[in-house]
Number of protein chains: 2
Amino acid sequence: MLDAYQRVCGTAMFAGNVELPGMLVGKVLRSPHAHARITSLDASLAERLRGVVAVLTGPGLVESDLNPYYGPVLPDRPLVAIDKVRYAGEPVAAVAAVDGEMAEEALALIEVEYEELPALITPEEALAPDAPAIHDQVRRRDFVTYPDIVLNTDAGRNIFNHYRLRKGDLEAGFRQADFVFEHTFRTPHQQHCSLEPHITTARMDGDRMTLWSSASSPFTARFQVAETLRLPQSKVRIIAYNIGGAYGGKTYPRLEPLVAALCWRAGGRPVRVELKRNEEFYTVTRHASVVTLKTGVTRDGKIVARQVRILWGAGAYADVSPRLIKNGGYGSPGPYHIPHIWVDSYAVYTNTTPSGGFRGYAIPQVTWASESQIDLIAHDLGIDPLELRLSNVLRDGDLFSTAQECSDMHYPELLQTVADAIGWRTGPPSPPEGEGCGVRARRGKGIACAVKGTITPSTSTASVTMNEDGSATVMTSTTEVGQGSRTVLAQMAADELRLPLERVSVTFADTDVTPWDQTTSSSRSTYMMGTAVRRAAGEVRDQVLDLAASMLEASPADVEVRDGRASVRGAPERGLEFGQIVRRSRQGNLLASGTFQTEGGLDPETGLGIATCHFHQSAAGAEVEVDTETGRVKVVNLRLATYAGKVINPTLAELQSEGNIAFGVGQALMEEMVYDGGAVANPNLSDYMIPSIEDLPQRWAGFLVEDPSGEGEVHGLGETGAPPIPPAIGNAIYDAVGVRIKDLPITPEKVLRELRVKNEVA
Amino acid sequence: MLDAYQRVCGTAMFAGNVELPGMLVGKVLRSPHAHARITSLDASLAERLRGVVAVLTGPGLVESDLNPYYGPVLPDRPLVAIDKVRYAGEPVAAVAAVDGEMAEEALALIEVEYEELPALITPEEALAPDAPAIHDQVRRRDFVTYPDIVLNTDAGRNIFNHYRLRKGDLEAGFRQADFVFEHTFRTPHQQHCSLEPHITTARMDGDRMTLWSSASSPFTARFQVAETLRLPQSKVRIIAYNIGGAYGGKTYPRLEPLVAALCWRAGGRPVRVELKRNEEFYTVTRHASVVTLKTGVTRDGKIVARQVRILWGAGAYADVSPRLIKNGGYGSPGPYHIPHIWVDSYAVYTNTTPSGGFRGYAIPQVTWASESQIDLIAHDLGIDPLELRLSNVLRDGDLFSTAQECSDMHYPELLQTVADAIGWRTGPPSPPEGEGCGVRARRGKGIACAVKGTITPSTSTASVTMNEDGSATVMTSTTEVGQGSRTVLAQMAADELRLPLERVSVTFADTDVTPWDQTTSSSRSTYMMGTAVRRAAGEVRDQVLDLAASMLEASPADVEVRDGRASVRGAPERGLEFGQIVRRSRQGNLLASGTFQTEGGLDPETGLGIATCHFHQSAAGAEVEVDTETGRVKVVNLRLATYAGKVINPTLAELQSEGNIAFGVGQALMEEMVYDGGAVANPNLSDYMIPSIEDLPQRWAGFLVEDPSGEGEVHGLGETGAPPIPPAIGNAIYDAVGVRIKDLPITPEKVLRELRVKNEVA
């Protein structure tokens, strides 16, 4: 990475480094109840405390000139609770004071009385016939914020969106099947656990507000803050420096509107709010899921029909669930050619922290279900699980679940790569090692694969300038969330410009000036923004070339550009440095913009159409060792293969595999937000477990498969690798000890319980 | 102004508001001598003082990896003196410490020994045959920084550039003349006295440096800082917020390279240097001038030939003098049609603070000379001074001094306007008022006119985005120096975009992201940047129109855009808000860039050619009252007429007239940097006098003449008005009491002395 030195030395700039003169500290009072009516709220003492500059409460908000509600798709989330709280940890009031202690003291002086309501924690509870409505109305904007999202908001109480896929004739499909399998799988809420918590500092300058924030998609934050303040977007500026991890948790604003409102109420004085670790658990989570798969298969292992019903535990507010349930919906049939598919994917309000995007964007949940069931089916039919997959995976020309024609598909190679790497057919599991082995340890192998789309349609824009000294600046709103986007975009620009890498700089995102980008998420930046940068840089290079040709009195076709210099082909001494060319042009700099836009979209009735501009594809193979006495699972070998198309930066690409492996193992074995009586019981990194180095597989490797031509299309790698890992591990456990865990995470307790059940049955 | 509220409330952002964590304070040790060799310098104690982080001295600089010299045209100015000091107040060392007191203490510990050399304060002294060379070599870059500047650096000792104009046959011209007049006029060094002193804060982030600075032309600062640090320009970022007055004093960097070097030496820690008022006097000044005019006139008042010799007191370093002496050179014949002109304009090194641009850019000095001499000639020939001017002023089709054909000329109207306004022919001077009047007070009237070019060739670029909600952002590197550029550019963008003004925001300059602009100076921003903004905004409007046409299923010709909405002509209900159009386009924003470039340039041998893209024209009329007992001059009436072409913002345009009047009166009667023994004797605002409200004319008004068609080209107003004011006042004094002062300022002492001489002669 270009900024490795700064990262190592601790000088890289983050939102937390922003300090402003006179800056106030904001703190948030949170609800202790998951679902309750607020019967009274008295903040008068807090307001009168010396050092307190602004207090934000529901009653005050309703009377104010601010827009009380926000949310990227449905504006259903109040800045602070109004009349009602809908999840434990929801903001009930916020205070800005001259320091943090003062703010905490003020919070303690706010008296709130609640009348508790039934807490609906799981989607099943929320859909029970006697469940109360969490929201008593559906709030919608008078315009569509995201054109790819179809809103079916009238699917029932507590359901605020329904994605429906209807491909083929489901009943006919099941009639063709020799066997029909039906299983239900579950995944829990998870937290992103970014190293950097959400942090935002806001200040008004006249009629404009600037926010320095950990916003990974700053234009999304700008839109929401402008709406909160009822200002034109041109009066709101979001600056995003380095972001200490996002993983989907910072794509949509959960903090910025609140801080903007506090700053507004403080008369524009700077206000910073930095969440504590436990508050992160009240900010955004991964969706819990209940996935029921009914799959029809022929005797010889052809999947002919699949019906999917998914209940997404979306938490108390809609956030981006209306889009996510679509991706999970069309992704749930997996990377298989299945003629008849019906999917019903429901976003369900629950009294939990609102759910949002999380690395993989619904694909981990549905892949867990689908790839576990494929394994179940294979064992039941007596077909090798690898063979069953190979005979059903999508190949070029096949139709995806949305009836989109597939191309650039690589499943056989991906599956074979991981199968070979774990010795799938070539030998038995390696013998357990160490104390007590052979007595209580059992080993087994499992594989799985996954398909993921990337947000489509989608747009990225970039600008590139060549400066008077021939150096170049790339202007982009892609945010650096640790993935190395600034390095990769610099490489691509340098490549197009024919400049040494060290002469290229890449800006941080600043919505006032860096060109619009839809989002830094969905594994899209290298592909989408990279293409926009290449286009802009290519145009600058063409300008250089044309200017050089005219200055060198040669035809443009005879001019070559290389290493910061343009010269006449065959006469290298007839040349000009780029800097000379820019200076002679008197244009000060050479500027060009590039736009890259993909097309697509799904039919609102059938859910069919172009779901993604290309397919992110992966496969994982795992070998595990199960301690039959404790139920503990050790991953002894994990192999991941991901289709990369074309790798730009091998080191950063490999690190994406590494990160996916860590995420996958955590999801498989450890991560779970435990709800106890409506509240999160483990909102900290002592009780909420994420993998340490010790928990990672003993051996692991990530393989990146590239297009052999070297000219492949860049495929994002950020999210592709993790989804197949939990089912590969689950399938390996089955292989080892014959028990099937259907609910993540696979804790020792669950394994032990299933082993006991199995032994009792036996 | 759009930001009037912020200005009044003190919340407008200036460089001085930037505070960074861990910020060091930098202070500068300055030379007490005007010209001396440094025989020893010991900073070892200062370096060892606790709290001192970086010390910059000449010897250390030479050994360092930094580039020791800077300067916009000739790199002749060391960051801190090396071996020699060349003016009193020159930086000899600089220190960065944890606070200002510590830095001052460190400065006091630096021991410097000097060996004094003769101080050459005036250009005549510097050109004396026995004068020592102030520089022993001419430092040049291996590339041309500014293509409009011709460097003739071998014109003699202490002359570092010579602009030569040769139009017609001078000898023949003088032969045609009935009378030849020769006079020499002088002007002193002046200080800009911006309310905000120079201030710069620098910080390294990894391999990049950011400077928040009072730089009115940030790209110029970027170029110089990159050179100092030997970094590509893409690694240097200059951010310029509001600037508290510049007047030419902040166009080229005088502080930024030094602060960048200190920051570099401090390992990249933030360093702020804020100059004190007295230090401003050691930073940059207006050129002193000695202008000798030899003018041939026919009996009936036709000017047929003029020879001009100008010595510019340029101070110790070249700064931008090589360009300035060109403008003063071609401007010295004034706005007159003169067939035969020779000009020799010399930039002379002196042991004074380096001279740079100053509102009017050499035109005040030469206008003082030329318009005083015209008055002298008129009186001598017995021709009314207004008539003499009217019969010689440049009209459309005439040839300017550089043989450029004139168009859009308005002198008769300008002169007549001010003549009428002061009652030039219609009556005698108004009677003196108040105590003692009639006994010792005398009144008189004077007029003068001036011509000024604007930097040509020149380039401005701008970008405009329309956001998802239909609001717009103008990206520009024009700096807000108090002239209201952000308001005016917002107006022009709103006008082109058909948007309400309040939906348009204008960025501050940030060289990383705002498009390149040559400079905020030369009264060019409204014209040059305004045109670039109009082009960018117009292109965005066309994009809106095309998108709307396709969305409304109409032909673009049938779509009209107005007030943020596009609709089908004649069917206003078939329309879309701009925000709807942007959102539906899925482009996130609509972005366009605009470039405006003027062409021109002068022949290096003859000085002939296109000097300016158009002419800035003004005339002033003054009525004064001279106290014959004290010599004190009161301006009782001052009228200024300026050709504006087209006024964008009447209030801001009038304020430019107001500012020009204040500057003109100050230059006429008060302002002068007094050198005493090589040092500035009055480096503070108690002893250096600028006009207070009390000193302004009793009555005054500025007239802005616009093209009657309403479609005139915008003419900059920032500098046009001041130059004719001092000669108008001088000429009025002559009219009142018959004495002619040839050296500015016209102090009571000088008037009294001349009155005594006159009375003695009489």
# chains A, B, ... in the order shown; residues from 1 in each chain; ligands from 1
>>> closest_atom_pairs(of="chain B", to="chain A", cutoff="7 Å", atoms="only C-alpha atoms", output="tab-separated table")
residue	atom	partner	partner_atom	distance
B:Asp3	CA	A:Gly206	CA	6.9
B:Tyr5	CA	A:Gly206	CA	6.9
B:Gln6	CA	A:Gly206	CA	5.2
B:Thr11	CA	A:Asp205	CA	6.5
B:Ala12	CA	A:Asp205	CA	6.6
B:Glu19	CA	A:Pro21	CA	6.7
B:Leu20	CA	A:Glu19	CA	6.7
B:Pro21	CA	A:Glu19	CA	6.7
B:Asp205	CA	A:Thr11	CA	6.6
B:Gly206	CA	A:Gln6	CA	5.3
B:Pro232	CA	A:Ser471	CA	5.8
B:Gln233	CA	A:Ser471	CA	6.2
B:Ser234	CA	A:Ser471	CA	5.6
B:Lys235	CA	A:Ser505	CA	6.5
B:Thr459	CA	A:Gln587	CA	6.0
B:Asn467	CA	A:Gln233	CA	6.7
B:Asp469	CA	A:Gln233	CA	6.5
B:Ser471	CA	A:Ser234	CA	5.6
B:Ala472	CA	A:Ser234	CA	5.7
B:Thr473	CA	A:Ser234	CA	5.7
B:Met475	CA	A:Val513	CA	6.5
B:Arg503	CA	A:Pro232	CA	6.1
B:Val504	CA	A:Ser234	CA	6.5
B:Ser505	CA	A:Ser234	CA	5.6
B:Thr507	CA	A:Asp512	CA	6.8
B:Asp512	CA	A:Thr507	CA	6.9
B:Val513	CA	A:Val513	CA	6.0
B:Thr514	CA	A:Val513	CA	6.6
B:Trp516	CA	A:Gly588	CA	5.8
B:Asp517	CA	A:Gly588	CA	6.9
B:Gln518	CA	A:Gly588	CA	6.8
B:Arg586	CA	A:Thr459	CA	7.0
B:Gln587	CA	A:Thr459	CA	6.0
B:Gly588	CA	A:Trp516	CA	5.9
B:Asn589	CA	A:Trp516	CA	6.2
>>> residues_around(residues="stretch 659-675 of chain B", least_positions_apart="6", cutoff="6 Å", atoms="only C-alpha atoms", output="PyMOL selection string")
chain B and resi 188-190+681+689-691+721-722+725-726+745-747
>>> closest_residue(among="B:Ile363, B:Ile38, B:Leu170, B:Ala43", to="B:Glu113", atoms="only C-alpha atoms")
B:Ile38
>>> closest_residue(among="A:Gly677, A:Ile110, A:Trp312, A:Arg48", to="A:His33", atoms="only C-alpha atoms")
A:Gly677
>>> residues_around(residues="A:Pro132", least_positions_apart="4", cutoff="10 Å", atoms="only C-alpha atoms", output="PyMOL selection string")
chain A and resi 117-120+125-128+136+157-158
>>> residues_around(residues="A:Gly16", least_positions_apart="2", cutoff="12 Å", atoms="only C-alpha atoms", output="list in words")
Thr11, Ala12, Met13, Phe14, Val18, Glu19, Leu20, Glu196, Pro197, His198, Ile199, Thr200, Thr201, Leu211, Trp212, Ser213, Ser214, Ala240, Tyr241, Asn242, Ile243, Gly244, Arg272, Val273, Glu274 and Leu275 of chain A; Pro21 of chain B
>>> select_by_dssp(residues="stretch 440-575 of chain A", states="strand (DSSP E or B)", output="ChimeraX atom specification")
/A:441-452,458-466,472-475,504-506,509-510,517,559-562,565-568,571-575
>>> closest_residue(among="A:Pro322, A:Gly600, A:Pro257, A:Gly328", to="A:Arg309", atoms="only C-alpha atoms")
A:Gly328
>>> closest_residue(among="A:Val561, A:Ile377, A:Ala318, A:Ile238", to="A:Ala494", atoms="only C-alpha atoms")
A:Val561
>>> atom_distance(atom1="atom CA of B:Gly356", atom2="atom CA of B:Gly315")
8.9 Å
>>> atom_distance(atom1="atom CA of A:Leu717", atom2="atom CA of A:Ala362")
15.9 Å
>>> residues_around(residues="stretch 288-303 of chain B", least_positions_apart="2", cutoff="6 Å", atoms="only C-alpha atoms", output="MDAnalysis selection string")
chainID B and resid 174 177:189 305:313 338
>>> write_last_selection(atoms="N, CA and C atoms", output="PDB file, in the first residue's frame")
ATOM      1  N   PHE B 174       9.786  63.150 -32.517  1.00  0.00           N
ATOM      2  CA  PHE B 174      10.188  64.393 -31.835  1.00  0.00           C
ATOM      3  C   PHE B 174      10.391  65.524 -32.844  1.00  0.00           C
ATOM      4  N   ALA B 177       7.279  67.293 -33.453  1.00  0.00           N
ATOM      5  CA  ALA B 177       6.719  68.016 -32.308  1.00  0.00           C
ATOM      6  C   ALA B 177       7.122  69.489 -32.346  1.00  0.00           C
ATOM      7  N   ASP B 178       6.211  70.336 -31.900  1.00  0.00           N
ATOM      8  CA  ASP B 178       6.550  71.753 -31.728  1.00  0.00           C
ATOM      9  C   ASP B 178       7.221  71.979 -30.376  1.00  0.00           C
ATOM     10  N   PHE B 179       6.801  71.161 -29.427  1.00  0.00           N
ATOM     11  CA  PHE B 179       7.393  71.287 -28.086  1.00  0.00           C
ATOM     12  C   PHE B 179       7.729  69.893 -27.546  1.00  0.00           C
ATOM     13  N   VAL B 180       8.811  69.835 -26.799  1.00  0.00           N
ATOM     14  CA  VAL B 180       9.170  68.581 -26.133  1.00  0.00           C
ATOM     15  C   VAL B 180       9.298  68.855 -24.634  1.00  0.00           C
ATOM     16  N   PHE B 181       8.575  68.070 -23.866  1.00  0.00           N
ATOM     17  CA  PHE B 181       8.580  68.242 -22.407  1.00  0.00           C
ATOM     18  C   PHE B 181       9.290  67.059 -21.776  1.00  0.00           C
ATOM     19  N   GLU B 182      10.116  67.321 -20.783  1.00  0.00           N
ATOM     20  CA  GLU B 182      10.769  66.219 -20.085  1.00  0.00           C
ATOM     21  C   GLU B 182      10.673  66.443 -18.571  1.00  0.00           C
ATOM     22  N   HIS B 183      10.142  65.469 -17.897  1.00  0.00           N
ATOM     23  CA  HIS B 183      10.006  65.564 -16.448  1.00  0.00           C
ATOM     24  C   HIS B 183      10.259  64.193 -15.823  1.00  0.00           C
ATOM     25  N   THR B 184      10.632  64.228 -14.579  1.00  0.00           N
ATOM     26  CA  THR B 184      10.815  62.985 -13.829  1.00  0.00           C
ATOM     27  C   THR B 184       9.883  62.984 -12.610  1.00  0.00           C
ATOM     28  N   PHE B 185       9.224  61.879 -12.421  1.00  0.00           N
ATOM     29  CA  PHE B 185       8.268  61.724 -11.316  1.00  0.00           C
ATOM     30  C   PHE B 185       8.682  60.520 -10.479  1.00  0.00           C
ATOM     31  N   ARG B 186       8.320  60.579  -9.216  1.00  0.00           N
ATOM     32  CA  ARG B 186       8.725  59.484  -8.324  1.00  0.00           C
ATOM     33  C   ARG B 186       7.547  59.019  -7.460  1.00  0.00           C
ATOM     34  N   THR B 187       7.599  57.747  -7.164  1.00  0.00           N
ATOM     35  CA  THR B 187       6.659  57.206  -6.167  1.00  0.00           C
ATOM     36  C   THR B 187       7.462  56.363  -5.186  1.00  0.00           C
ATOM     37  N   PRO B 188       6.983  56.263  -3.951  1.00  0.00           N
ATOM     38  CA  PRO B 188       7.737  55.531  -2.919  1.00  0.00           C
ATOM     39  C   PRO B 188       7.285  54.065  -2.820  1.00  0.00           C
ATOM     40  N   HIS B 189       7.997  53.306  -2.021  1.00  0.00           N
ATOM     41  CA  HIS B 189       7.517  51.977  -1.635  1.00  0.00           C
ATOM     42  C   HIS B 189       6.280  52.128  -0.749  1.00  0.00           C
ATOM     43  N   ALA B 305       4.979  61.990 -29.860  1.00  0.00           N
ATOM     44  CA  ALA B 305       6.064  61.079 -29.496  1.00  0.00           C
ATOM     45  C   ALA B 305       6.250  61.095 -27.990  1.00  0.00           C
ATOM     46  N   ARG B 306       6.623  59.922 -27.492  1.00  0.00           N
ATOM     47  CA  ARG B 306       6.914  59.879 -26.066  1.00  0.00           C
ATOM     48  C   ARG B 306       8.024  58.853 -25.815  1.00  0.00           C
ATOM     49  N   GLN B 307       8.992  59.300 -25.038  1.00  0.00           N
ATOM     50  CA  GLN B 307      10.035  58.381 -24.601  1.00  0.00           C
ATOM     51  C   GLN B 307       9.934  58.237 -23.088  1.00  0.00           C
ATOM     52  N   VAL B 308      10.013  57.016 -22.637  1.00  0.00           N
ATOM     53  CA  VAL B 308       9.856  56.774 -21.209  1.00  0.00           C
ATOM     54  C   VAL B 308      11.046  55.947 -20.711  1.00  0.00           C
ATOM     55  N   ARG B 309      11.559  56.365 -19.602  1.00  0.00           N
ATOM     56  CA  ARG B 309      12.588  55.562 -18.927  1.00  0.00           C
ATOM     57  C   ARG B 309      12.122  55.371 -17.495  1.00  0.00           C
ATOM     58  N   ILE B 310      12.008  54.121 -17.090  1.00  0.00           N
ATOM     59  CA  ILE B 310      11.507  53.842 -15.740  1.00  0.00           C
ATOM     60  C   ILE B 310      12.518  52.993 -15.001  1.00  0.00           C
ATOM     61  N   LEU B 311      12.848  53.441 -13.822  1.00  0.00           N
ATOM     62  CA  LEU B 311      13.638  52.619 -12.914  1.00  0.00           C
ATOM     63  C   LEU B 311      12.705  52.138 -11.813  1.00  0.00           C
ATOM     64  N   TRP B 312      12.610  50.851 -11.691  1.00  0.00           N
ATOM     65  CA  TRP B 312      11.747  50.280 -10.670  1.00  0.00           C
ATOM     66  C   TRP B 312      12.597  49.833  -9.492  1.00  0.00           C
ATOM     67  N   GLY B 313      12.293  50.349  -8.335  1.00  0.00           N
ATOM     68  CA  GLY B 313      12.964  49.880  -7.119  1.00  0.00           C
ATOM     69  C   GLY B 313      12.332  48.564  -6.719  1.00  0.00           C
ATOM     70  N   ILE B 338      -0.477  57.661 -29.526  1.00  0.00           N
ATOM     71  CA  ILE B 338       0.810  58.318 -29.769  1.00  0.00           C
ATOM     72  C   ILE B 338       1.537  57.508 -30.836  1.00  0.00           C
TER      73      ILE B 338
END
>>> select_by_dssp(residues="stretch 552-607 of chain A", states="helix (DSSP H, G or I)", output="ChimeraX atom specification")
/A:552,556-558,578-585
>>> residues_around(residues="stretch 632-647 of chain A", least_positions_apart="4", cutoff="8 Å", atoms="only C-alpha atoms", output="PyMOL selection string")
chain A and resi 410+414-415+417-418+421-422+616-628+653+657+661+669+695-707+710-717+720-721+725+729+733+747-748+751
>>> decode(residues="stretch 733-753 of chain A", atoms="N, CA, C and O atoms", output="short mmCIF file (atom, residue, chain, number, x, y, z; two decimals), in the first residue's frame")
data_model
loop_
_atom_site.label_atom_id
_atom_site.label_comp_id
_atom_site.auth_asym_id
_atom_site.auth_seq_id
_atom_site.Cartn_x
_atom_site.Cartn_y
_atom_site.Cartn_z
N ILE A 733 -17.84 -30.83 9.33
CA ILE A 733 -18.23 -31.38 10.63
C ILE A 733 -19.14 -32.60 10.43
O ILE A 733 -18.98 -33.64 11.08
N TYR A 734 -20.05 -32.45 9.49
CA TYR A 734 -20.92 -33.61 9.20
C TYR A 734 -20.08 -34.78 8.74
O TYR A 734 -20.29 -35.93 9.15
N ASP A 735 -19.12 -34.47 7.89
CA ASP A 735 -18.24 -35.52 7.38
C ASP A 735 -17.48 -36.17 8.52
O ASP A 735 -17.26 -37.39 8.54
N ALA A 736 -17.11 -35.37 9.53
CA ALA A 736 -16.30 -35.89 10.63
C ALA A 736 -17.11 -36.69 11.63
O ALA A 736 -16.72 -37.79 12.02
N VAL A 737 -18.26 -36.14 12.02
CA VAL A 737 -18.98 -36.78 13.13
C VAL A 737 -20.43 -37.06 12.84
O VAL A 737 -21.18 -37.55 13.71
N GLY A 738 -20.87 -36.72 11.59
CA GLY A 738 -22.22 -37.10 11.20
C GLY A 738 -23.33 -36.27 11.81
O GLY A 738 -24.48 -36.68 11.79
N VAL A 739 -23.00 -35.12 12.37
CA VAL A 739 -24.09 -34.27 12.85
C VAL A 739 -24.18 -33.02 11.98
O VAL A 739 -23.19 -32.52 11.47
N ARG A 740 -25.41 -32.58 11.84
CA ARG A 740 -25.70 -31.44 10.96
C ARG A 740 -26.20 -30.29 11.82
O ARG A 740 -27.29 -30.38 12.41
N ILE A 741 -25.45 -29.22 11.90
CA ILE A 741 -25.90 -28.03 12.63
C ILE A 741 -26.53 -27.10 11.61
O ILE A 741 -25.91 -26.79 10.59
N LYS A 742 -27.74 -26.64 11.89
CA LYS A 742 -28.43 -25.79 10.92
C LYS A 742 -28.46 -24.31 11.30
O LYS A 742 -28.84 -23.47 10.50
N ASP A 743 -28.08 -24.04 12.53
CA ASP A 743 -28.12 -22.65 12.99
C ASP A 743 -26.71 -22.18 13.32
O ASP A 743 -26.02 -22.79 14.15
N LEU A 744 -26.31 -21.11 12.69
CA LEU A 744 -24.99 -20.53 13.02
C LEU A 744 -25.12 -19.74 14.32
O LEU A 744 -26.19 -19.24 14.63
N PRO A 745 -24.01 -19.56 15.04
CA PRO A 745 -22.71 -20.19 14.81
C PRO A 745 -22.69 -21.61 15.35
O PRO A 745 -23.52 -22.00 16.18
N ILE A 746 -21.71 -22.38 14.88
CA ILE A 746 -21.57 -23.77 15.30
C ILE A 746 -20.76 -23.79 16.59
O ILE A 746 -19.55 -23.93 16.59
N THR A 747 -21.47 -23.62 17.69
CA THR A 747 -20.77 -23.56 18.98
C THR A 747 -20.51 -24.98 19.48
O THR A 747 -21.21 -25.93 19.08
N PRO A 748 -19.55 -25.15 20.35
CA PRO A 748 -19.32 -26.48 20.94
C PRO A 748 -20.58 -27.03 21.58
O PRO A 748 -20.86 -28.22 21.47
N GLU A 749 -21.36 -26.17 22.22
CA GLU A 749 -22.59 -26.63 22.87
C GLU A 749 -23.53 -27.30 21.87
O GLU A 749 -24.11 -28.36 22.13
N LYS A 750 -23.70 -26.64 20.71
CA LYS A 750 -24.61 -27.20 19.69
C LYS A 750 -24.07 -28.54 19.17
O LYS A 750 -24.83 -29.49 18.99
N VAL A 751 -22.78 -28.58 18.91
CA VAL A 751 -22.19 -29.82 18.39
C VAL A 751 -22.38 -30.94 19.40
O VAL A 751 -22.82 -32.06 19.07
N LEU A 752 -22.09 -30.63 20.65
CA LEU A 752 -22.21 -31.63 21.70
C LEU A 752 -23.66 -32.12 21.84
O LEU A 752 -23.91 -33.33 21.94
N ARG A 753 -24.58 -31.19 21.80
CA ARG A 753 -25.99 -31.55 21.91
C ARG A 753 -26.38 -32.49 20.77
O ARG A 753 -27.01 -33.52 20.98
#
